[in-house]
Amino acid sequence: MSFSSKFAMVVEDDPCFRAIAELMLQRMNFKSVVAEEDGEQAWAHLNFMRFDFILSDWNMAPMDGVDLLRCVRANRNLSKIPFVLMSADLSLNSWRKAIDAGATDFLVKPFSWEQLHETVRIAFSTPCADQANIINFRSRRDNPMFGRFRPPPDGTLRG
């Protein structure tokens, strides 16, 4: 799939990780990648520019990623944009909260370019006409990458 006509936004408060995520999306050949440092700045930008994909950190101030996601999903002009939340927290509770809020997917930081690319590809291949932007996770079980990023059912981490 080509992203050469798509506009992406990265929302991340850590300047180093923001630059890395921006570079990763640029490497996927998005037409444009805009980086913002918090949800409030991202929300302001979303109100005057069209975006086709949003990759957002969870933990930011003054507006976190889940609050930004809720604002996006509540706006009928923005509600269908694929929105991926990322966090270093791999707990089952966080994963469920992200999906329940309407996230298209959830990435655990740090992640590789290949993991992000696969997540973006799946996000754009998910039909969203008259549906919420939530990937049907049952259909992803056939994907060999699926089990690698999903929290274990008991919510514990294994090392």
# chains A, B, ... in the order shown; residues from 1 in each chain; ligands from 1

call {"tool": "residues_around", "arguments": {"residues": "region 55-63 of chain A", "least_positions_apart": "2", "cutoff": "9 Å", "atoms": "only C-alpha atoms", "output": "JSON, numbers by chain"}}
result
{"A": [8, 9, 10, 11, 12, 13, 21, 37, 38, 39, 40, 41, 53, 65, 66, 67, 68, 69, 82, 83, 84, 85, 86, 87, 88, 98]}

call {"tool": "write_last_selection", "arguments": {"atoms": "C-alpha atoms", "output": "CSV table (one decimal), in the first residue's frame"}}
result
chain,number,residue,atom,x,y,z
A,8,ALA,CA,0.2,11.8,9.1
A,9,MET,CA,0.5,13.3,12.5
A,10,VAL,CA,2.8,12.2,15.4
A,11,VAL,CA,1.9,13.4,18.9
A,12,GLU,CA,4.7,12.7,21.4
A,13,ASP,CA,6.1,14.8,24.3
A,21,ALA,CA,8.5,8.3,15.0
A,37,GLU,CA,4.4,17.7,21.4
A,38,ASP,CA,1.0,17.2,23.2
A,39,GLY,CA,-2.6,16.6,22.6
A,40,GLU,CA,-3.7,20.2,22.9
A,41,GLN,CA,-1.3,21.3,20.1
A,53,PHE,CA,-3.4,9.0,10.2
A,65,GLY,CA,-3.5,10.7,24.0
A,66,VAL,CA,-6.8,9.2,25.2
A,67,ASP,CA,-8.4,12.6,25.6
A,68,LEU,CA,-7.2,13.6,22.1
A,69,LEU,CA,-8.6,10.3,20.8
A,82,PRO,CA,-7.0,5.7,11.9
A,83,PHE,CA,-5.6,6.5,15.4
A,84,VAL,CA,-2.9,4.5,17.0
A,85,LEU,CA,-2.0,5.0,20.6
A,86,MET,CA,1.5,4.2,21.9
A,87,SER,CA,2.7,3.7,25.4
A,88,ALA,CA,5.4,1.9,27.3
A,98,ALA,CA,-7.2,2.3,24.4

call {"tool": "atom_distance", "arguments": {"atom1": "CA of Trp95 (chain A)", "atom2": "CA of Ser125 (chain A)"}}
result
20.9 Å

call {"tool": "atom_distance", "arguments": {"atom1": "CA of Glu22 (chain A)", "atom2": "CA of Ala35 (chain A)"}}
result
6.7 Å

call {"tool": "select_by_dssp", "arguments": {"residues": "region 8-138 of chain A", "states": "strand (DSSP E)", "output": "number ranges by chain"}}
result
A: 8-11, 32-36, 53-57, 83-87, 105-108

call {"tool": "residues_around", "arguments": {"residues": "Met1 (chain A)", "least_positions_apart": "2", "cutoff": "10 Å", "atoms": "only C-alpha atoms", "output": "list in words"}}
result
Phe3, Ser4, Met28, Val120, Arg121, Ile122, Phe124 and Ser125 of chain A

call {"tool": "closest_residue", "arguments": {"among": "A:Phe48, A:Leu23, A:Ser79, A:Ala42", "to": "Ala101 (chain A)", "atoms": "only C-alpha atoms"}}
result
A:Ser79
